[in-house]
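Novice: To be precise about what I am sending: the file is called protein_12.csv and holds CSV, C-alpha atoms.
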chain,number,residue,atom,x,y,z
M,95,MET,CA,-6.2,-49.5,-8.9
M,96,VAL,CA,-3.0,-47.5,-8.9
M,97,ILE,CA,-0.5,-46.4,-6.2
M,98,THR,CA,0.7,-42.9,-6.8
M,99,THR,CA,3.8,-41.3,-5.2
M,100,ILE,CA,4.0,-37.6,-4.9
M,101,LEU,CA,7.4,-35.9,-4.3
M,102,ILE,CA,7.4,-32.4,-3.0
M,103,SER,CA,10.6,-30.7,-4.0
M,104,THR,CA,11.9,-28.1,-1.5
M,105,THR,CA,15.2,-26.5,-0.6
M,106,CYS,CA,15.6,-28.8,2.4
M,107,HIS,CA,13.8,-32.1,2.0
M,108,THR,CA,11.3,-34.2,0.2
M,109,ASN,CA,8.0,-35.4,1.5
M,110,VAL,CA,6.3,-38.5,0.2
M,111,ALA,CA,2.6,-39.3,0.1
M,112,ASN,CA,1.2,-42.6,-1.0
M,113,ILE,CA,-2.5,-43.1,-1.8
M,114,ASN,CA,-4.2,-46.1,-3.4
M,115,VAL,CA,-7.1,-44.8,-5.5
M,116,SER,CA,-9.2,-45.5,-8.6
M,117,MET,CA,-8.4,-43.6,-11.7
M,118,PHE,CA,-10.5,-41.0,-13.5
M,119,PRO,CA,-10.0,-40.8,-17.2
M,120,ALA,CA,-9.3,-37.1,-17.1
M,121,ILE,CA,-9.4,-34.0,-14.9
M,122,LEU,CA,-10.9,-30.6,-16.0
M,123,VAL,CA,-10.2,-27.5,-13.9
M,124,PHE,CA,-12.0,-24.2,-13.8
M,125,GLY,CA,-11.6,-21.1,-11.6
M,126,ASP,CA,-9.0,-18.6,-10.4
M,127,SER,CA,-5.3,-18.4,-9.4
M,128,THR,CA,-5.5,-21.1,-6.8
M,129,ILE,CA,-5.8,-23.6,-9.7
M,130,ASP,CA,-4.6,-21.7,-12.8
M,131,THR,CA,-1.7,-23.7,-14.1
M,132,GLY,CA,-0.7,-21.1,-16.7
M,133,ASN,CA,-3.5,-19.8,-18.9
M,134,ASN,CA,-2.8,-16.2,-18.0
M,135,ASN,CA,0.6,-16.6,-19.8
M,136,TYR,CA,-1.4,-16.5,-23.0
M,137,ILE,CA,-3.8,-13.5,-22.5
M,138,LYS,CA,-3.3,-9.8,-22.1
M,139,THR,CA,-3.3,-9.3,-18.3
M,140,ILE,CA,-0.9,-8.1,-15.7
M,141,ILE,CA,-2.0,-11.0,-13.4
M,142,ARG,CA,0.9,-13.3,-14.2
M,143,ALA,CA,3.4,-15.5,-12.4
M,144,ASN,CA,5.6,-16.9,-15.2
M,145,PHE,CA,8.8,-15.5,-13.8
M,146,PRO,CA,11.1,-16.2,-10.8
M,147,PRO,CA,10.8,-16.7,-7.9
M,148,TYR,CA,7.5,-18.3,-8.7
M,149,GLY,CA,8.0,-22.0,-9.5
M,150,CYS,CA,11.3,-22.2,-7.6
M,151,ASN,CA,10.3,-25.6,-6.3
M,152,PHE,CA,8.4,-26.8,-9.4
M,153,PRO,CA,10.1,-29.6,-11.3
M,154,GLY,CA,12.9,-28.1,-13.2
M,155,HIS,CA,12.5,-24.9,-11.1
M,156,ASN,CA,10.3,-23.5,-13.9
M,157,ALA,CA,8.0,-20.5,-13.5
M,158,THR,CA,5.1,-21.9,-15.3
M,159,GLY,CA,2.5,-19.3,-14.4
M,160,ARG,CA,1.4,-21.1,-11.3
M,161,PHE,CA,0.9,-18.7,-8.4
M,162,SER,CA,3.0,-20.6,-5.9
M,163,ASN,CA,6.5,-21.9,-5.4
M,164,GLY,CA,5.6,-25.2,-6.9
M,165,LYS,CA,2.6,-27.4,-7.8
M,166,LEU,CA,-1.1,-26.5,-7.3
M,167,ILE,CA,-4.1,-28.4,-6.1
M,168,PRO,CA,-5.1,-29.8,-9.5
M,169,ASP,CA,-1.5,-31.1,-10.1
M,170,PHE,CA,-1.5,-33.0,-6.8
M,171,ILE,CA,-5.0,-34.3,-7.2
M,172,ALA,CA,-4.2,-35.5,-10.7
M,173,SER,CA,-1.1,-37.3,-9.3
M,174,LEU,CA,-3.0,-38.8,-6.4
M,175,MET,CA,-5.7,-40.0,-8.7
M,176,GLY,CA,-3.2,-41.6,-11.1
M,177,ILE,CA,-4.2,-39.3,-14.1
M,178,LYS,CA,-0.9,-37.4,-14.7
M,179,ASP,CA,1.8,-35.5,-12.8
M,180,THR,CA,0.7,-32.0,-13.8
M,181,VAL,CA,-2.3,-30.5,-15.4
M,182,PRO,CA,-1.4,-28.2,-18.4
M,183,PRO,CA,-3.2,-25.0,-19.3
M,184,PHE,CA,-5.6,-25.3,-22.2
M,185,LEU,CA,-4.2,-22.2,-23.9
M,186,ASP,CA,-0.7,-23.8,-24.1
M,187,PRO,CA,-0.2,-23.9,-27.9
M,188,HIS,CA,2.0,-27.0,-27.5
M,189,LEU,CA,-0.7,-29.3,-26.0
M,190,SER,CA,-0.4,-32.9,-27.2
M,191,ASP,CA,-3.2,-35.3,-27.9
M,192,SER,CA,-2.2,-37.1,-24.7
M,193,ASP,CA,-2.6,-33.9,-22.8
M,194,ILE,CA,-6.1,-33.5,-24.2
M,195,LEU,CA,-7.1,-37.1,-23.5
M,196,THR,CA,-6.3,-36.8,-19.8
M,197,GLY,CA,-7.6,-33.3,-19.2
M,198,VAL,CA,-6.5,-29.7,-18.9
M,199,CYS,CA,-6.9,-26.5,-16.9
M,200,PHE,CA,-9.2,-23.7,-18.0
M,201,ALA,CA,-8.8,-21.5,-14.9
M,202,SER,CA,-7.6,-17.9,-15.1
M,203,ALA,CA,-5.8,-16.1,-12.2
M,204,GLY,CA,-7.6,-13.1,-11.0
M,205,SER,CA,-11.0,-14.2,-12.3
M,206,GLY,CA,-14.2,-14.8,-10.4
M,207,TYR,CA,-17.9,-15.6,-10.7
M,208,ASP,CA,-18.7,-11.9,-10.9
M,209,ASN,CA,-18.1,-10.2,-14.3
M,210,LEU,CA,-16.9,-7.1,-12.5
M,211,THR,CA,-14.0,-9.1,-11.1
M,212,ASP,CA,-12.9,-10.2,-14.6
M,213,ARG,CA,-13.2,-6.7,-16.0
M,214,ALA,CA,-11.0,-5.3,-13.2
M,215,THR,CA,-8.3,-7.9,-13.8
M,216,SER,CA,-8.6,-8.5,-17.5
M,217,THR,CA,-8.9,-12.2,-17.0
M,218,LEU,CA,-11.0,-15.1,-18.4
M,219,SER,CA,-14.5,-15.1,-16.9
M,220,VAL,CA,-16.1,-18.5,-16.0
M,221,SER,CA,-18.3,-18.0,-19.1
M,222,LYS,CA,-15.2,-17.8,-21.3
M,223,GLN,CA,-13.8,-20.8,-19.5
M,224,ALA,CA,-17.0,-22.7,-20.5
M,225,ASP,CA,-16.4,-21.6,-24.1
M,226,MET,CA,-12.9,-23.0,-23.8
M,227,LEU,CA,-14.4,-26.3,-22.6
M,228,ARG,CA,-16.5,-26.4,-25.7
M,229,SER,CA,-13.3,-26.0,-27.8
M,230,TYR,CA,-11.7,-28.7,-25.8
M,231,VAL,CA,-14.6,-31.1,-26.4
M,232,ALA,CA,-14.3,-30.4,-30.1
M,233,ARG,CA,-10.6,-31.2,-30.2
M,234,LEU,CA,-11.1,-34.3,-28.0
M,235,SER,CA,-13.8,-35.5,-30.5
M,236,GLN,CA,-11.4,-35.1,-33.4
M,237,ILE,CA,-9.0,-37.4,-31.5
M,238,VAL,CA,-11.3,-40.2,-30.2
M,239,GLY,CA,-14.7,-39.5,-31.8
M,240,GLU,CA,-17.8,-37.8,-30.4
M,241,GLU,CA,-19.1,-40.8,-28.4
M,242,LYS,CA,-15.8,-41.5,-26.7
M,243,ALA,CA,-15.2,-37.8,-26.1
M,244,ALA,CA,-18.6,-37.5,-24.4
M,245,SER,CA,-17.7,-40.5,-22.2
M,246,ILE,CA,-14.4,-39.0,-21.1
M,247,VAL,CA,-16.0,-35.6,-20.2
M,248,SER,CA,-18.9,-37.2,-18.3
M,249,GLU,CA,-16.5,-39.4,-16.3
M,250,ALA,CA,-13.8,-36.8,-15.8
M,251,LEU,CA,-13.2,-35.2,-12.4
M,252,VAL,CA,-14.2,-31.6,-12.7
M,253,ILE,CA,-12.9,-29.1,-10.1
M,254,VAL,CA,-14.2,-25.6,-9.8
M,255,SER,CA,-12.5,-23.1,-7.4
M,256,SER,CA,-13.4,-19.4,-7.5
M,257,GLY,CA,-15.0,-16.6,-5.4
M,258,THR,CA,-12.2,-15.2,-3.3
M,259,ASN,CA,-11.4,-12.5,-5.8
M,260,ASP,CA,-15.0,-11.6,-6.0
M,261,PHE,CA,-15.4,-10.9,-2.3
M,262,ASN,CA,-12.0,-9.2,-1.9
M,263,LEU,CA,-12.4,-6.9,-4.9
M,264,ASN,CA,-16.1,-6.2,-4.7
M,265,LEU,CA,-16.9,-6.3,-1.0
M,266,TYR,CA,-13.9,-5.9,1.2
M,267,ASP,CA,-11.0,-4.1,-0.3
M,268,THR,CA,-12.0,-1.7,-3.1
M,269,PRO,CA,-15.0,0.5,-3.9
M,270,SER,CA,-17.6,-1.4,-5.9
M,271,PRO,CA,-21.3,-1.0,-6.9
M,272,ARG,CA,-21.8,-4.5,-5.4
M,273,GLN,CA,-21.2,-3.2,-1.9
M,274,LYS,CA,-24.8,-1.9,-1.8
M,275,LEU,CA,-25.9,-5.5,-1.8
M,276,GLY,CA,-24.3,-6.1,1.6
M,277,VAL,CA,-22.7,-9.4,2.6
M,278,ASP,CA,-25.8,-11.5,2.5
M,279,GLY,CA,-27.0,-10.0,-0.8
M,280,TYR,CA,-23.6,-10.4,-2.5
M,281,GLN,CA,-23.4,-14.0,-1.3
M,282,SER,CA,-26.8,-14.7,-3.0
M,283,PHE,CA,-25.5,-13.0,-6.1
M,284,ILE,CA,-22.4,-15.2,-6.3
M,285,LEU,CA,-24.4,-18.3,-5.5
M,286,SER,CA,-26.7,-17.6,-8.5
M,287,SER,CA,-23.6,-17.3,-10.7
M,288,VAL,CA,-22.3,-20.6,-9.3
M,289,HIS,CA,-25.6,-22.2,-10.2
M,290,ASN,CA,-25.5,-20.9,-13.7
M,291,PHE,CA,-21.9,-22.0,-14.3
M,292,VAL,CA,-22.5,-25.5,-13.0
M,293,GLN,CA,-25.6,-25.8,-15.2
M,294,GLU,CA,-23.5,-24.7,-18.2
M,295,LEU,CA,-20.8,-27.3,-17.4
M,296,TYR,CA,-23.6,-29.9,-17.1
M,297,ASP,CA,-25.1,-28.9,-20.4
M,298,ILE,CA,-21.7,-29.4,-22.1
M,299,GLY,CA,-21.4,-32.9,-20.7
M,300,CYS,CA,-19.7,-32.7,-17.2
M,301,ARG,CA,-21.2,-34.9,-14.6
M,302,ARG,CA,-18.7,-35.3,-11.7
M,303,ILE,CA,-18.3,-31.8,-10.4
M,304,MET,CA,-16.6,-30.7,-7.2
M,305,VAL,CA,-17.0,-27.0,-6.3
M,306,LEU,CA,-14.6,-25.7,-3.7
M,307,GLY,CA,-15.7,-23.3,-1.1
M,308,LEU,CA,-14.0,-20.2,0.1
M,309,PRO,CA,-10.8,-20.3,2.1
M,310,PRO,CA,-10.6,-18.4,5.4
M,311,VAL,CA,-10.4,-15.1,3.6
M,312,GLY,CA,-9.6,-13.2,6.8
M,313,CYS,CA,-6.4,-15.2,7.1
M,314,LEU,CA,-4.9,-14.1,3.8
M,315,PRO,CA,-1.9,-11.9,4.4
M,316,ILE,CA,-3.3,-9.3,1.9
M,317,GLN,CA,-6.4,-8.9,4.0
M,318,MET,CA,-4.4,-8.3,7.1
M,319,THR,CA,-2.4,-5.6,5.2
M,320,MET,CA,-5.5,-4.0,3.8
M,321,ALA,CA,-6.9,-3.8,7.4
M,322,MET,CA,-3.8,-1.8,8.3
M,323,GLN,CA,-2.7,-4.2,11.0
M,324,LYS,CA,0.5,-3.5,12.8
M,325,GLN,CA,3.4,-5.7,11.9
M,326,ASN,CA,3.6,-7.4,15.3
M,327,GLU,CA,-0.2,-7.7,15.6
M,328,ARG,CA,-1.1,-9.4,12.4
M,329,LYS,CA,-3.9,-12.0,12.8
M,330,CYS,CA,-6.9,-13.4,11.0
M,331,ILE,CA,-9.9,-11.1,10.5
M,332,ASP,CA,-12.8,-12.9,12.3
M,333,LYS,CA,-15.6,-11.1,10.4
M,334,GLN,CA,-14.3,-12.1,7.0
M,335,ASN,CA,-13.8,-15.6,8.2
M,336,SER,CA,-17.3,-15.9,9.5
M,337,ASP,CA,-18.5,-14.5,6.2
M,338,SER,CA,-16.6,-17.2,4.4
M,339,GLN,CA,-18.1,-19.9,6.6
M,340,GLU,CA,-21.6,-18.6,6.1
M,341,PHE,CA,-21.1,-18.6,2.3
M,342,ASN,CA,-19.7,-22.1,2.3
M,343,GLN,CA,-22.7,-23.4,4.2
M,344,LYS,CA,-25.0,-21.8,1.7
M,345,LEU,CA,-22.9,-23.2,-1.2
M,346,ASN,CA,-23.0,-26.7,0.2
M,347,LYS,CA,-26.8,-26.6,0.4
M,348,SER,CA,-27.1,-25.0,-3.0
M,349,LEU,CA,-25.0,-27.7,-4.7
M,350,THR,CA,-27.2,-30.4,-3.1
M,351,ASP,CA,-30.2,-28.6,-4.6
M,352,ILE,CA,-28.6,-28.3,-8.0
M,353,GLN,CA,-27.6,-31.9,-8.1
M,354,SER,CA,-31.2,-33.0,-7.4
M,355,ASN,CA,-32.3,-31.3,-10.6
M,356,LEU,CA,-29.6,-32.5,-12.9
M,357,THR,CA,-30.1,-36.2,-13.8
M,358,GLY,CA,-27.1,-38.4,-13.5
M,359,SER,CA,-24.9,-35.8,-11.9
M,360,VAL,CA,-22.7,-35.9,-8.8
M,361,ILE,CA,-22.2,-32.3,-7.8
M,362,PHE,CA,-20.6,-31.7,-4.4
M,363,TYR,CA,-18.9,-29.2,-2.1
M,364,GLY,CA,-15.2,-29.4,-1.5
M,365,ASP,CA,-14.1,-27.9,1.8
M,366,ILE,CA,-10.7,-26.1,1.9
M,367,TYR,CA,-11.7,-23.8,4.7
M,368,GLY,CA,-11.2,-26.3,7.5
M,369,THR,CA,-7.8,-27.4,6.4
M,370,LEU,CA,-6.4,-24.0,5.8
M,371,PHE,CA,-7.9,-22.6,9.0
M,372,ASP,CA,-6.4,-25.4,11.0
M,373,MET,CA,-3.0,-24.7,9.4
M,374,ALA,CA,-3.4,-21.0,10.3
M,375,THR,CA,-4.3,-21.6,13.9
M,376,ASN,CA,-2.3,-24.8,14.6
M,377,PRO,CA,0.8,-24.4,12.4
M,378,GLN,CA,3.0,-26.5,14.6
M,379,ARG,CA,1.0,-29.6,13.5
M,380,TYR,CA,2.3,-29.0,10.0
M,381,GLY,CA,5.8,-27.8,10.6
M,382,ILE,CA,4.8,-24.3,9.8
M,383,LYS,CA,6.4,-21.3,11.6
M,384,GLU,CA,4.8,-18.3,9.7
M,385,THR,CA,1.1,-17.9,9.0
M,386,THR,CA,0.6,-14.1,8.6
M,387,ARG,CA,3.1,-13.3,5.9
M,388,GLY,CA,4.1,-14.9,2.6
M,389,CYS,CA,7.6,-16.2,1.8
M,390,CYS,CA,8.2,-13.7,-1.0
M,391,GLY,CA,9.5,-10.3,0.1
M,392,THR,CA,7.9,-8.8,3.2
M,393,GLY,CA,5.0,-11.2,2.6
M,394,GLU,CA,2.6,-8.5,3.2
M,395,MET,CA,2.0,-7.0,-0.2
M,396,GLU,CA,4.0,-8.9,-2.8
M,397,LEU,CA,2.0,-10.5,-5.6
M,398,SER,CA,2.6,-11.2,-9.3
M,399,TYR,CA,5.1,-8.6,-10.6
M,400,LEU,CA,5.8,-7.3,-7.0
M,401,CYS,CA,7.2,-10.8,-6.3
M,402,ASN,CA,10.0,-11.0,-8.9
M,403,ALA,CA,13.6,-12.1,-9.5
M,404,LEU,CA,14.9,-9.2,-7.4
M,405,THR,CA,12.7,-9.9,-4.5
M,406,ARG,CA,14.2,-11.7,-1.5
M,407,THR,CA,12.4,-14.9,-0.4
M,408,CYS,CA,12.4,-16.9,2.8
M,409,ARG,CA,15.0,-19.7,3.2
M,410,ASP,CA,12.4,-22.5,3.5
M,411,PRO,CA,8.9,-22.1,1.9
M,412,ASN,CA,7.8,-25.3,3.7
M,413,GLN,CA,7.8,-23.3,6.9
M,414,PHE,CA,5.3,-20.7,5.5
M,415,LEU,CA,1.6,-21.2,5.0
M,416,PHE,CA,1.7,-18.7,2.2
M,417,TRP,CA,4.0,-18.1,-0.7
M,418,ASP,CA,3.0,-14.6,-1.6
M,419,ASP,CA,0.4,-12.3,0.0
M,420,ILE,CA,-2.6,-14.4,-1.2
M,421,HIS,CA,-1.5,-17.8,-2.4
M,422,PRO,CA,-0.6,-20.8,-0.2
M,423,SER,CA,2.8,-22.4,-0.5
M,424,GLN,CA,3.2,-25.8,-2.1
M,425,ALA,CA,3.6,-27.4,1.3
M,426,ALA,CA,0.1,-26.0,2.2
M,427,TYR,CA,-1.4,-27.1,-1.1
M,428,ILE,CA,-0.4,-30.7,-0.7
M,429,VAL,CA,-2.2,-30.8,2.7
M,430,VAL,CA,-5.3,-29.3,1.2
M,431,SER,CA,-5.1,-31.7,-1.8
M,432,LEU,CA,-4.9,-34.7,0.5
M,433,SER,CA,-8.0,-33.5,2.3
M,434,LEU,CA,-9.8,-33.0,-1.0
M,435,VAL,CA,-8.9,-36.5,-2.2
M,436,GLU,CA,-10.5,-37.9,0.9
M,437,GLN,CA,-13.6,-35.9,0.2
M,438,ILE,CA,-13.7,-37.0,-3.4
M,439,LEU,CA,-13.3,-40.7,-2.5
M,440,HIS,CA,-16.0,-40.4,0.2
M,441,VAL,CA,-18.5,-39.0,-2.3
M,442,LEU,CA,-17.6,-41.0,-5.5
M,443,SER,CA,-16.3,-44.3,-4.2
Once more with this new file: its structure as structure tokens, please.
Specialist:
Amino acid sequence: MVITTILISTTCHTNVANINVSMFPAILVFGDSTIDTGNNNYIKTIIRANFPPYGCNFPGHNATGRFSNGKLIPDFIASLMGIKDTVPPFLDPHLSDSDILTGVCFASAGSGYDNLTDRATSTLSVSKQADMLRSYVARLSQIVGEEKAASIVSEALVIVSSGTNDFNLNLYDTPSPRQKLGVDGYQSFILSSVHNFVQELYDIGCRRIMVLGLPPVGCLPIQMTMAMQKQNERKCIDKQNSDSQEFNQKLNKSLTDIQSNLTGSVIFYGDIYGTLFDMATNPQRYGIKETTRGCCGTGEMELSYLCNALTRTCRDPNQFLFWDDIHPSQAAYIVVSLSLVEQILHVLS
């Protein structure tokens, strides 16, 4: 058992969270910008965040490619689980053997379960991320041998977080051939892709897999902007939130069904909707003052290169639910991470 201390660096103060938990040998991360710790730095895409003011509260104030002002969910969970302080991107050419032993991130900002999403953003599909996992296993085997490598992968905590880009790009915000499917049809399409991806991870050797559901998509600042809401009337979009809840319920059931067919697996749903929605609707509980705009710029349309070194930012990101027009602030991510750790321990302890 280990006791891990997490320090949240901000412009004003430091929060400390202590949790006593068992250790996983490694953490393996797949998905989109909510958990991409920097892979997009190494591919040809405009979906990047490796420049200020991104990372202004990250240790060393470094813009690492994380789409927030500081650490992300996998970093906090890895810390809380006693694995490591931060989770490096697999495409980092300077990865050490130690990095490989304790796990890496394969996620790619802008990606989704739908190939149309990846084509639109020139990012790494979940299929490509699975291929990266195969390369990881090969390198891990060179370090510790095939048997030990298989053991590490099977006992690792695997986190998958994707889907928001799929619904925003292909259903809500831009013209797409997927719109003919309707909400229910597109949800079924994405659930099929989730099933295929989880099966692929299992075939490679993963056994402990947590798949995160959708956030309250209608509460993302970008969605309020796309809905042409007036500045003084910005609020969550109920229909998109109810769609997210419906999808999450289907995902939860689907993962239970998938696990029943995969011997020796623990595959489970990770809820982020509840925590983020509570933060959006009861911000005073968390010391948050702004929930409808991001900290960067106007907070209504700034993302990636539109949130840059010349863009003004808020004085205290801790008081903002969102950092840019899509991504939560570090302060929000630590609350979500603590909730996810409780869920992990409930299922796996």
Novice: Under the rule that only C-alpha atoms are counted, which of M:Gln236, M:Thr217, M:Gln223, M:Ser286 is the nearest residue to Asp191 (chain M)?
Specialist: M:Gln236
Novice: Do a neighbour search on Phe161 (chain M) at 10 Å with all atoms listed in the file, toss out local chain neighbours closer than 3 positions, and write the hits as a PyMOL selection string.
Specialist: chain M and resi 127-132+141-144+148-149+157-158+164-166+203+397-398+417-418+420-424
Novice: Limited to C-alpha atoms, could you put the picked residues into a file as a compact mmCIF listing (two decimals), in the frame of the given file?
Specialist:
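Result written to result.txt:
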# COMPACT_ATOMS: atom_id res chain seq x y z
CA SER M 127 -5.30 -18.40 -9.40
CA THR M 128 -5.50 -21.10 -6.80
CA ILE M 129 -5.80 -23.60 -9.70
CA ASP M 130 -4.60 -21.70 -12.80
CA THR M 131 -1.70 -23.70 -14.10
CA GLY M 132 -0.70 -21.10 -16.70
CA ILE M 141 -2.00 -11.00 -13.40
CA ARG M 142 0.90 -13.30 -14.20
CA ALA M 143 3.40 -15.50 -12.40
CA ASN M 144 5.60 -16.90 -15.20
CA TYR M 148 7.50 -18.30 -8.70
CA GLY M 149 8.00 -22.00 -9.50
CA ALA M 157 8.00 -20.50 -13.50
CA THR M 158 5.10 -21.90 -15.30
CA GLY M 164 5.60 -25.20 -6.90
CA LYS M 165 2.60 -27.40 -7.80
CA LEU M 166 -1.10 -26.50 -7.30
CA ALA M 203 -5.80 -16.10 -12.20
CA LEU M 397 2.00 -10.50 -5.60
CA SER M 398 2.60 -11.20 -9.30
CA TRP M 417 4.00 -18.10 -0.70
CA ASP M 418 3.00 -14.60 -1.60
CA ILE M 420 -2.60 -14.40 -1.20
CA HIS M 421 -1.50 -17.80 -2.40
CA PRO M 422 -0.60 -20.80 -0.20
CA SER M 423 2.80 -22.40 -0.50
CA GLN M 424 3.20 -25.80 -2.10
Novice: Dig up all the protein and nucleic acid residues within 10 Å of (-2.4, -34.4, -9.0) in the file frame, using all atoms listed in the file, and format them as a count of residues only.
Specialist: 24
Novice: Hey, what's within 10 Å of Asp419 (chain M) if we count all atoms listed in the file and toss same-chain stuff fewer than 4 positions away? As a PyMOL selection string, please?
Specialist: chain M and resi 314-319+386-398+401
Novice: List as a PyMOL selection string the protein and nucleic acid residues near Gly257 (chain M), meaning an atom at most 10 Å away when all atoms listed in the file are counted, but skip any in the same chain fewer than 5 places from it.
Specialist: chain M and resi 125-126+204-208+211+262+281+284-285+288+306-309+338
Novice: Given the point (-25.3, -32.0, -19.3) in the coordinates of this file, which residues lie within 9 Å, counting all atoms listed in the file, and how would they look as a VMD selection string?
Specialist: chain M and resid 248 293 to 301 356 to 359
Novice: Between CA of Asp212 (chain M) and CA of Lys274 (chain M), measure the distance and give it in Å to one decimal.
Specialist: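 Computing it gives 19.3 Å between the two atoms.
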Novice: Find the residue from M:Ser443, M:Gln334, M:Ser245, M:Gln325 that sits nearest to Pro310 (chain M); use only C-alpha atoms when measuring.
Specialist: M:Gln334
Novice: Between M:Ala232, M:Leu439, M:Leu185, M:Leu265, which is the closest to Gly159 (chain M) once you count only C-alpha atoms?
Specialist: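 For Gly159 (chain M), the nearest of the candidates is M:Leu185.
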Novice: Mind giving me the straight-line distance from CA of Asn135 (chain M) to CA of Phe416 (chain M) in Å, one decimal?
Specialist: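 One can read the CA of Asn135 (chain M) to CA of Phe416 (chain M) distance as 22.1 Å.
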Novice: In Å, how far is it from CA of Thr215 (chain M) to CA of Ile140 (chain M)?
Specialist: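 Atom-to-atom, CA of Thr215 (chain M) and CA of Ile140 (chain M) are spaced 7.6 Å apart.
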Novice: Under the rule that only C-alpha atoms are counted, which of M:Arg213, M:Arg272, M:Arg379, M:Lys329 is the nearest residue to Thr139 (chain M)?
Specialist: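 Closest to Thr139 (chain M), using only C-alpha atoms: M:Arg213.
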Novice: Restricting the calculation to all atoms listed in the file: of M:Ala120, M:Leu195, M:Leu349, M:Ala426, which residue gets closest to Gly364 (chain M)?
Specialist: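 Of M:Ala120, M:Leu195, M:Leu349, M:Ala426, the one nearest Gly364 (chain M) is M:Leu349, counting all atoms listed in the file.
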Novice: For Val252 (chain M), find every residue with an atom within 8 Å (counting only C-alpha atoms), except residues of its own chain fewer than 2 positions away, and show them as a PyMOL selection string.
Specialist: chain M and resi 121-124+250+254+300-304
Novice: Restricting the calculation to all atoms listed in the file, which member of M:Tyr136, M:Met373, M:Cys150, M:Ser216 is positioned closest to Pro183 (chain M)?
Specialist: M:Tyr136
Novice: Find the spatial neighbours of Ile246 (chain M), counting all atoms listed in the file, within a cut-off of 9 Å - ignore same-chain residues fewer than 3 positions away - and output them as a list in words.
Specialist: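 The residues satisfying every condition are Phe118, Pro119, Ala120, Leu195, Thr196, Leu234, Glu241, Lys242, Ala243, Glu249 and Ala250 of chain M.
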